[in-house]
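Engineer: So that you have it, the file is entry.pdb, and it contains PDB, C-alpha atoms:
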```pdb
ATOM      1  CA  MET A   1     102.954  61.490 104.205
ATOM      2  CA  PRO A   2      99.290  61.526 105.356
ATOM      3  CA  ALA A   3      99.556  64.936 107.053
ATOM      4  CA  ALA A   4     101.004  66.586 103.970
ATOM      5  CA  ASP A   5      98.440  64.889 101.738
ATOM      6  CA  ASN A   6      95.539  65.996 103.942
ATOM      7  CA  THR A   7      96.887  69.543 104.175
ATOM      8  CA  LEU A   8      97.083  69.878 100.397
ATOM      9  CA  ARG A   9      93.619  68.358  99.985
ATOM     10  CA  MET A  10      92.221  70.918 102.412
ATOM     11  CA  LEU A  11      93.865  73.847 100.646
ATOM     12  CA  ARG A  12      92.593  72.660  97.288
ATOM     13  CA  TYR A  13      89.130  72.191  98.778
ATOM     14  CA  LEU A  14      89.067  75.723 100.213
ATOM     15  CA  ALA A  15      90.352  77.155  96.929
ATOM     16  CA  GLY A  16      87.378  75.614  95.157
ATOM     17  CA  ARG A  17      84.726  77.043  97.503
ATOM     18  CA  PRO A  18      82.915  80.273  96.606
ATOM     19  CA  ALA A  19      83.020  81.375 100.277
ATOM     20  CA  PRO A  20      84.549  80.331 103.622
ATOM     21  CA  VAL A  21      83.181  77.053 105.020
ATOM     22  CA  ALA A  22      82.731  75.412 108.399
ATOM     23  CA  ALA A  23      85.302  72.924 109.673
ATOM     24  CA  SER A  24      82.548  70.317 109.934
ATOM     25  CA  ALA A  25      81.902  70.650 106.186
ATOM     26  CA  ILE A  26      85.600  70.150 105.453
ATOM     27  CA  ALA A  27      85.675  67.036 107.623
ATOM     28  CA  ARG A  28      82.539  65.647 105.990
ATOM     29  CA  ASP A  29      83.470  66.359 102.368
ATOM     30  CA  LEU A  30      87.052  65.116 102.722
ATOM     31  CA  ALA A  31      86.147  62.189 104.983
ATOM     32  CA  LEU A  32      88.593  63.306 107.676
ATOM     33  CA  PRO A  33      88.311  63.158 111.468
ATOM     34  CA  ARG A  34      87.262  66.497 112.926
ATOM     35  CA  SER A  35      90.235  66.468 115.284
ATOM     36  CA  THR A  36      92.585  66.165 112.292
ATOM     37  CA  VAL A  37      90.826  68.972 110.465
ATOM     38  CA  TYR A  38      91.007  71.343 113.438
ATOM     39  CA  HIS A  39      94.666  70.522 114.034
ATOM     40  CA  LEU A  40      95.635  71.165 110.414
ATOM     41  CA  LEU A  41      93.517  74.326 110.200
ATOM     42  CA  THR A  42      95.174  75.733 113.314
ATOM     43  CA  THR A  43      98.627  75.063 111.883
ATOM     44  CA  LEU A  44      97.695  76.580 108.518
ATOM     45  CA  ALA A  45      96.253  79.638 110.251
ATOM     46  CA  ASP A  46      99.483  80.128 112.212
ATOM     47  CA  HIS A  47     101.301  80.416 108.882
ATOM     48  CA  GLY A  48      98.676  82.591 107.216
ATOM     49  CA  PHE A  49      97.441  79.998 104.708
ATOM     50  CA  VAL A  50      93.914  80.029 106.135
ATOM     51  CA  LEU A  51      91.949  82.501 108.201
ATOM     52  CA  HIS A  52      89.259  81.846 110.790
ATOM     53  CA  LEU A  53      86.154  84.008 110.723
ATOM     54  CA  SER A  54      85.276  83.529 114.378
ATOM     55  CA  GLU A  55      81.872  85.222 114.251
ATOM     56  CA  GLU A  56      80.745  82.995 111.389
ATOM     57  CA  ARG A  57      82.683  79.929 112.583
ATOM     58  CA  ARG A  58      84.038  79.418 109.091
ATOM     59  CA  TRP A  59      87.419  79.037 107.443
ATOM     60  CA  GLY A  60      88.774  80.468 104.195
ATOM     61  CA  LEU A  61      92.062  80.888 102.383
ATOM     62  CA  GLY A  62      94.545  83.317 103.920
ATOM     63  CA  THR A  63      96.978  85.778 102.418
ATOM     64  CA  SER A  64      99.897  83.308 102.386
ATOM     65  CA  ALA A  65      97.945  81.105  99.973
ATOM     66  CA  PHE A  66      97.357  84.166  97.810
ATOM     67  CA  GLU A  67     101.073  85.021  97.914
ATOM     68  CA  LEU A  68     101.947  81.468  96.896
ATOM     69  CA  ALA A  69      99.729  81.737  93.844
ATOM     70  CA  GLY A  70     101.151  85.186  93.105
ATOM     71  CA  GLY A  71     104.673  83.776  93.311
ATOM     72  CA  TYR A  72     103.984  81.446  90.408
ATOM     73  CA  SER A  73     102.455  84.279  88.431
ATOM     74  CA  ARG A  74     105.463  86.517  89.076
ATOM     75  CA  GLN A  75     107.934  83.868  88.050
ATOM     76  CA  GLN A  76     106.085  82.710  84.959
ATOM     77  CA  PRO A  77     103.381  84.274  82.781
ATOM     78  CA  LEU A  78     102.538  87.576  84.456
ATOM     79  CA  ALA A  79     105.818  89.444  84.173
ATOM     80  CA  ARG A  80     106.703  87.877  80.838
ATOM     81  CA  LEU A  81     103.330  88.563  79.217
ATOM     82  CA  GLY A  82     102.748  91.847  81.010
ATOM     83  CA  ARG A  83     106.025  93.586  80.176
ATOM     84  CA  PRO A  84     105.322  94.349  76.466
ATOM     85  CA  LEU A  85     101.738  95.345  77.229
ATOM     86  CA  VAL A  86     102.768  97.745  79.990
ATOM     87  CA  ALA A  87     105.480  99.195  77.730
ATOM     88  CA  ALA A  88     102.921  99.743  74.961
ATOM     89  CA  LEU A  89     100.554 101.395  77.431
ATOM     90  CA  SER A  90     103.274 103.767  78.609
ATOM     91  CA  ASP A  91     104.202 104.644  75.010
ATOM     92  CA  ARG A  92     100.567 105.184  74.074
ATOM     93  CA  LEU A  93      99.810 107.559  76.957
ATOM     94  CA  GLY A  94     103.237 109.114  77.417
ATOM     95  CA  GLU A  95     103.051 108.362  81.144
ATOM     96  CA  SER A  96     104.710 105.848  83.455
ATOM     97  CA  ALA A  97     102.957 102.484  83.782
ATOM     98  CA  HIS A  98     103.283  99.536  86.139
ATOM     99  CA  LEU A  99     102.225  95.959  86.803
ATOM    100  CA  ALA A 100     101.917  94.865  90.438
ATOM    101  CA  VAL A 101     100.784  91.876  92.508
ATOM    102  CA  MET A 102      99.539  91.586  96.080
ATOM    103  CA  SER A 103     101.943  90.460  98.793
ATOM    104  CA  GLY A 104     100.156  90.415 102.130
ATOM    105  CA  GLY A 105      99.013  93.973 102.797
ATOM    106  CA  ASP A 106     101.415  95.408 100.210
ATOM    107  CA  VAL A 107     101.636  95.617  96.455
ATOM    108  CA  LEU A 108     104.841  94.345  94.869
ATOM    109  CA  TYR A 109     105.818  95.884  91.543
ATOM    110  CA  ILE A 110     106.979  93.316  88.958
ATOM    111  CA  VAL A 111     107.030  95.476  85.788
ATOM    112  CA  GLU A 112     107.859  99.183  85.617
ATOM    113  CA  GLU A 113     107.945 101.347  82.482
ATOM    114  CA  ARG A 114     109.124 104.932  82.982
ATOM    115  CA  ALA A 115     107.989 107.541  80.477
ATOM    116  CA  PRO A 116     110.651 110.084  79.439
ATOM    117  CA  ARG A 117     110.593 113.553  80.977
ATOM    118  CA  ARG A 118     108.113 112.555  83.642
ATOM    119  CA  PRO A 119     108.431 112.974  87.441
ATOM    120  CA  ALA A 120     110.544 110.473  89.371
ATOM    121  CA  LEU A 121     108.484 107.753  91.048
ATOM    122  CA  VAL A 122     108.959 105.683  94.180
ATOM    123  CA  THR A 123     107.696 102.614  92.313
ATOM    124  CA  ASP A 124     110.191 100.224  90.734
ATOM    125  CA  VAL A 125     110.560  96.488  90.206
ATOM    126  CA  GLY A 126     110.788  94.850  93.641
ATOM    127  CA  VAL A 127     109.406  97.864  95.537
ATOM    128  CA  ARG A 128     106.577  97.279  98.018
ATOM    129  CA  LEU A 129     103.965  99.883  98.944
ATOM    130  CA  PRO A 130     100.870  99.728 101.185
ATOM    131  CA  ALA A 131      98.086  98.268  99.053
ATOM    132  CA  HIS A 132      95.333 100.457 100.519
ATOM    133  CA  LEU A 133      97.126 103.628  99.343
ATOM    134  CA  THR A 134      97.833 102.603  95.742
ATOM    135  CA  ALA A 135      95.540 102.381  92.729
ATOM    136  CA  SER A 136      96.978  98.934  91.936
ATOM    137  CA  GLY A 137      96.325  97.681  95.451
ATOM    138  CA  ARG A 138      92.817  99.093  95.593
ATOM    139  CA  ALA A 139      91.956  97.488  92.253
ATOM    140  CA  MET A 140      92.961  94.079  93.627
ATOM    141  CA  LEU A 141      91.447  94.602  97.082
ATOM    142  CA  ALA A 142      88.107  95.534  95.515
ATOM    143  CA  ALA A 143      88.095  92.170  93.720
ATOM    144  CA  LEU A 144      88.963  90.105  96.811
ATOM    145  CA  PRO A 145      86.275  88.491  98.969
ATOM    146  CA  ARG A 146      85.257  90.882 101.717
ATOM    147  CA  GLU A 147      86.432  88.367 104.321
ATOM    148  CA  GLN A 148      89.950  88.550 102.917
ATOM    149  CA  VAL A 149      89.934  92.341 103.105
ATOM    150  CA  ARG A 150      88.729  92.196 106.716
ATOM    151  CA  ALA A 151      91.564  89.821 107.574
ATOM    152  CA  LEU A 152      94.136  92.176 106.028
ATOM    153  CA  TYR A 153      92.672  95.325 107.633
ATOM    154  CA  PRO A 154      91.035  94.341 110.932
ATOM    155  CA  ASP A 155      91.474  97.717 112.651
ATOM    156  CA  ALA A 156      93.039 101.183 112.389
ATOM    157  CA  ALA A 157      96.491  99.836 113.273
ATOM    158  CA  ALA A 158      96.621  98.094 109.875
ATOM    159  CA  PHE A 159      96.719 101.395 107.925
ATOM    160  CA  PRO A 160     100.253 102.793 107.479
ATOM    161  CA  ASP A 161     100.379 106.352 106.192
ATOM    162  CA  ARG A 162     102.672 108.185 103.726
ATOM    163  CA  THR A 163     101.307 111.646 102.967
ATOM    164  CA  GLY A 164      98.485 112.045 105.492
ATOM    165  CA  ARG A 165      95.878 111.121 102.873
ATOM    166  CA  GLY A 166      93.961 107.931 102.263
ATOM    167  CA  PRO A 167      91.738 105.591 104.296
ATOM    168  CA  GLN A 168      92.689 105.140 107.929
ATOM    169  CA  THR A 169      89.943 102.801 109.141
ATOM    170  CA  PRO A 170      88.231  99.661 107.774
ATOM    171  CA  ARG A 171      85.055 101.677 107.140
ATOM    172  CA  GLU A 172      86.894 104.302 105.095
ATOM    173  CA  LEU A 173      88.621 101.585 103.072
ATOM    174  CA  ARG A 174      85.324  99.830 102.357
ATOM    175  CA  GLU A 175      83.956 103.078 100.923
ATOM    176  CA  VAL A 176      87.030 103.599  98.732
ATOM    177  CA  LEU A 177      86.718 100.053  97.393
ATOM    178  CA  ARG A 178      82.977 100.457  96.833
ATOM    179  CA  ILE A 179      83.552 103.535  94.688
ATOM    180  CA  GLY A 180      86.185 101.649  92.695
ATOM    181  CA  ARG A 181      83.782  98.781  92.014
ATOM    182  CA  VAL A 182      81.149 101.232  90.759
ATOM    183  CA  ARG A 183      83.636 102.992  88.472
ATOM    184  CA  GLY A 184      85.276  99.816  87.253
ATOM    185  CA  TYR A 185      88.746 101.107  88.139
ATOM    186  CA  ALA A 186      90.660 102.330  91.191
ATOM    187  CA  THR A 187      92.278 105.708  91.813
ATOM    188  CA  GLU A 188      94.648 107.436  94.196
ATOM    189  CA  ASP A 189      95.543 111.113  94.413
ATOM    190  CA  SER A 190      98.733 112.220  96.224
ATOM    191  CA  GLU A 191      98.465 109.324  98.677
ATOM    192  CA  ILE A 192     101.845 107.860  97.699
ATOM    193  CA  ALA A 193     103.612 111.039  96.578
ATOM    194  CA  ASP A 194     102.389 114.641  96.565
ATOM    195  CA  GLY A 195     101.205 115.854  93.169
ATOM    196  CA  LEU A 196     101.014 112.414  91.560
ATOM    197  CA  ARG A 197      97.829 110.549  90.680
ATOM    198  CA  SER A 198      97.235 106.972  89.509
ATOM    199  CA  VAL A 199      94.505 104.803  88.059
ATOM    200  CA  GLY A 200      94.564 101.015  88.245
ATOM    201  CA  ALA A 201      92.603  98.057  86.862
ATOM    202  CA  VAL A 202      92.548  94.499  88.136
ATOM    203  CA  VAL A 203      93.807  91.452  86.212
ATOM    204  CA  ARG A 204      91.948  88.228  87.053
ATOM    205  CA  ASP A 205      92.959  84.627  86.448
ATOM    206  CA  HIS A 206      90.804  81.833  85.000
ATOM    207  CA  ALA A 207      89.162  81.354  88.423
ATOM    208  CA  ASP A 208      88.233  85.069  88.588
ATOM    209  CA  TRP A 209      90.876  85.681  91.272
ATOM    210  CA  PRO A 210      92.721  89.056  91.271
ATOM    211  CA  VAL A 211      96.312  88.092  90.461
ATOM    212  CA  ALA A 212      97.636  91.526  89.456
ATOM    213  CA  ALA A 213      96.780  95.096  88.509
ATOM    214  CA  VAL A 214      97.874  97.460  85.753
ATOM    215  CA  ALA A 215      98.267 101.141  86.628
ATOM    216  CA  VAL A 216      99.381 104.474  85.190
ATOM    217  CA  THR A 217     100.777 107.406  87.197
ATOM    218  CA  TRP A 218     100.767 111.043  86.054
ATOM    219  CA  ALA A 219     101.211 114.595  87.329
ATOM    220  CA  ASP A 220      99.583 116.809  84.672
ATOM    221  CA  PRO A 221      96.259 118.035  86.180
ATOM    222  CA  THR A 222      94.785 118.641  82.710
ATOM    223  CA  LEU A 223      94.823 114.958  81.738
ATOM    224  CA  ASP A 224      91.445 113.248  81.700
ATOM    225  CA  GLU A 225      91.229 110.506  84.317
ATOM    226  CA  ARG A 226      88.585 108.538  82.445
ATOM    227  CA  THR A 227      90.627 108.424  79.237
ATOM    228  CA  LEU A 228      93.628 107.073  81.135
ATOM    229  CA  ALA A 229      91.444 104.607  83.018
ATOM    230  CA  ASP A 230      89.937 103.244  79.805
ATOM    231  CA  ALA A 231      93.422 102.591  78.421
ATOM    232  CA  VAL A 232      94.502 100.894  81.647
ATOM    233  CA  ARG A 233      91.394  98.692  81.696
ATOM    234  CA  GLU A 234      91.963  97.722  78.072
ATOM    235  CA  THR A 235      95.529  96.662  78.848
ATOM    236  CA  ALA A 236      94.384  94.671  81.886
ATOM    237  CA  SER A 237      91.767  92.929  79.758
ATOM    238  CA  VAL A 238      94.322  91.961  77.112
ATOM    239  CA  LEU A 239      96.667  90.593  79.779
ATOM    240  CA  GLU A 240      93.773  88.591  81.245
ATOM    241  CA  SER A 241      93.005  87.016  77.898
ATOM    242  CA  ARG A 242      96.647  86.084  77.343
ATOM    243  CA  LEU A 243      96.912  84.546  80.805
ATOM    244  CA  HIS A 244      93.783  82.488  80.172
TER     245      HIS A 244
END
```
Can the structure from this file be put into structure tokens for me?

Structural biologist:
Amino acid sequence: MPAADNTLRMLRYLAGRPAPVAASAIARDLALPRSTVYHLLTTLADHGFVLHLSEERRWGLGTSAFELAGGYSRQQPLARLGRPLVAALSDRLGESAHLAVMSGGDVLYIVEERAPRRPALVTDVGVRLPAHLTASGRAMLAALPREQVRALYPDAAAFPDRTGRGPQTPRELREVLRIGRVRGYATEDSEIADGLRSVGAVVRDHADWPVAAVAVTWADPTLDERTLADAVRETASVLESRLH
């Protein structure tokens, strides 16, 4: 069907661009009528597969496209390859470890390894939590294009709260993500559950897209954050290499 063929061509085209593009460029490069391009873009935007940056008059991939890619990763290599690595990380540190993917504005946990004699956690396989409050989510958000983050968090209404801590505006979130980029890992402190801290590191695919994040959660205030973060980053790096 021509409409289906053109829709898939457009999605593949957008996936290959380093930044959002104008509709006129899509029409030119794919040799499609502008009316067709605008019609398909509007339909894709209604379903979240593309987003329109009105101020820049450009179009980019939306969160539904990201979820579609994450669905493949969850069903195939990520969980299968990540499970033994996350288990080894938990054994090595003696703390609970997780592997999560983005799902809209949430993180979805696909691997969970509980360390013995450690505090109970709200995370578990299949559990969703607000991405902006978790170390896993922040690690992935920091690696997303800024336009994608703006689409997910356009205003203060997009920031659900759990413990009264954490970013509550787009500006506050941008600062949290900036700090994570500088450090090379993301953190959270009592923003999901009082007294529990986490560090997370992003896992990228062959196209440098953030497909997942590895994280560790602990309660002991004497543990060194940097030591835990280094171990988490090492695990994320190994998972990346195996995915590639």

Engineer: Please write the residues picked by the PyMOL selection byres ((chain A and resi 223) around 12) on this file as a list in words.

Structural biologist: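 On this input, the PyMOL selection byres ((chain A and resi 223) around 12) captures Leu93, Gly94, Glu95, Leu196, Arg197, Ser198, Val199, Val216, Thr217, Trp218, Ala219, Asp220, Pro221, Thr222, Asp224, Glu225, Arg226, Thr227, Leu228 and Ala229 of chain A.
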
Engineer: In Å, with one decimal, what is the gap from CA of Pro84 in chain A to CA of Leu243 in chain A?

Structural biologist: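 Spanning CA of Pro84 in chain A to CA of Leu243 in chain A is a straight-line distance of 13.6 Å.
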
Engineer: For CA of Ala193 in chain A and CA of Ala157 in chain A, quote the distance in Å rounded to one decimal.

Structural biologist: 21.3 Å

Engineer: The PyMOL selection byres ((chain A and resi 141) around 10) on the file shown: which residues, as a list of chain:residue names?

Structural biologist: A:Met102, A:Gly105, A:Ala131, A:His132, A:Ala135, A:Ser136, A:Gly137, A:Arg138, A:Ala139, A:Met140, A:Ala142, A:Ala143, A:Leu144, A:Pro145, A:Arg146, A:Gln148, A:Val149, A:Leu152, A:Leu173, A:Arg174, A:Leu177, A:Gly180, A:Ala186, A:Val202, A:Pro210

Engineer: Translate the PyMOL selection byres ((chain A and resi 129) around 8), as applied to the file shown, into an explicit residue set as a PyMOL selection string.

Structural biologist: chain A and resi 106-108+127-128+130-131+133-134

Engineer: Between A:Ala19, A:Ala3, A:Leu85, A:Ile179, single out the one closest to Glu234 in chain A, counting all atoms listed in the file.

Structural biologist: A:Leu85

Engineer: In terms of the shortest atom-to-atom distance over all atoms listed in the file, which of A:Ala23, A:Ile192, A:Leu53, A:Ala213 is closest to Leu121 in chain A?

Structural biologist: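 Answer, going by the shortest atom-to-atom distance: A:Ile192.
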
Engineer: Show which residues sit within 12 Å of Ala88 in chain A, as an mmCIF file with C-alpha atoms, in the coordinates of the input. Count all atoms listed in the file, and ignore same-chain residues fewer than 2 positions away.

Structural biologist:
```
data_model
loop_
_atom_site.group_PDB
_atom_site.id
_atom_site.type_symbol
_atom_site.label_atom_id
_atom_site.label_comp_id
_atom_site.auth_asym_id
_atom_site.auth_seq_id
_atom_site.Cartn_x
_atom_site.Cartn_y
_atom_site.Cartn_z
ATOM 1 C CA LEU A 81 103.330 88.563 79.217
ATOM 2 C CA GLY A 82 102.748 91.847 81.010
ATOM 3 C CA ARG A 83 106.025 93.586 80.176
ATOM 4 C CA PRO A 84 105.322 94.349 76.466
ATOM 5 C CA LEU A 85 101.738 95.345 77.229
ATOM 6 C CA VAL A 86 102.768 97.745 79.990
ATOM 7 C CA SER A 90 103.274 103.767 78.609
ATOM 8 C CA ASP A 91 104.202 104.644 75.010
ATOM 9 C CA ARG A 92 100.567 105.184 74.074
ATOM 10 C CA LEU A 93 99.810 107.559 76.957
ATOM 11 C CA GLY A 94 103.237 109.114 77.417
ATOM 12 C CA GLU A 95 103.051 108.362 81.144
ATOM 13 C CA SER A 96 104.710 105.848 83.455
ATOM 14 C CA ALA A 97 102.957 102.484 83.782
ATOM 15 C CA HIS A 98 103.283 99.536 86.139
ATOM 16 C CA GLU A 112 107.859 99.183 85.617
ATOM 17 C CA GLU A 113 107.945 101.347 82.482
ATOM 18 C CA ARG A 114 109.124 104.932 82.982
ATOM 19 C CA ALA A 115 107.989 107.541 80.477
ATOM 20 C CA VAL A 216 99.381 104.474 85.190
ATOM 21 C CA ALA A 231 93.422 102.591 78.421
ATOM 22 C CA VAL A 232 94.502 100.894 81.647
ATOM 23 C CA GLU A 234 91.963 97.722 78.072
ATOM 24 C CA THR A 235 95.529 96.662 78.848
ATOM 25 C CA VAL A 238 94.322 91.961 77.112
#
```

Engineer: Measuring atom to atom with all atoms listed in the file, identify which of A:His52, A:Arg233, A:Arg183, A:Arg9 is nearest to Ala201 in chain A.

Structural biologist: A:Arg233

Engineer: Which distance in Å separates CA of Thr7 in chain A and CA of Leu40 in chain A, to one decimal?

Structural biologist: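 We find that CA of Thr7 in chain A and CA of Leu40 in chain A lie 6.6 Å from each other.
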
Engineer: Find the residue from A:Phe159, A:Phe49, A:Tyr38, A:Trp59 that sits nearest to Pro18 in chain A; use all atoms listed in the file when measuring.

Structural biologist: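 Under the stated criterion, the closest residue is A:Trp59.
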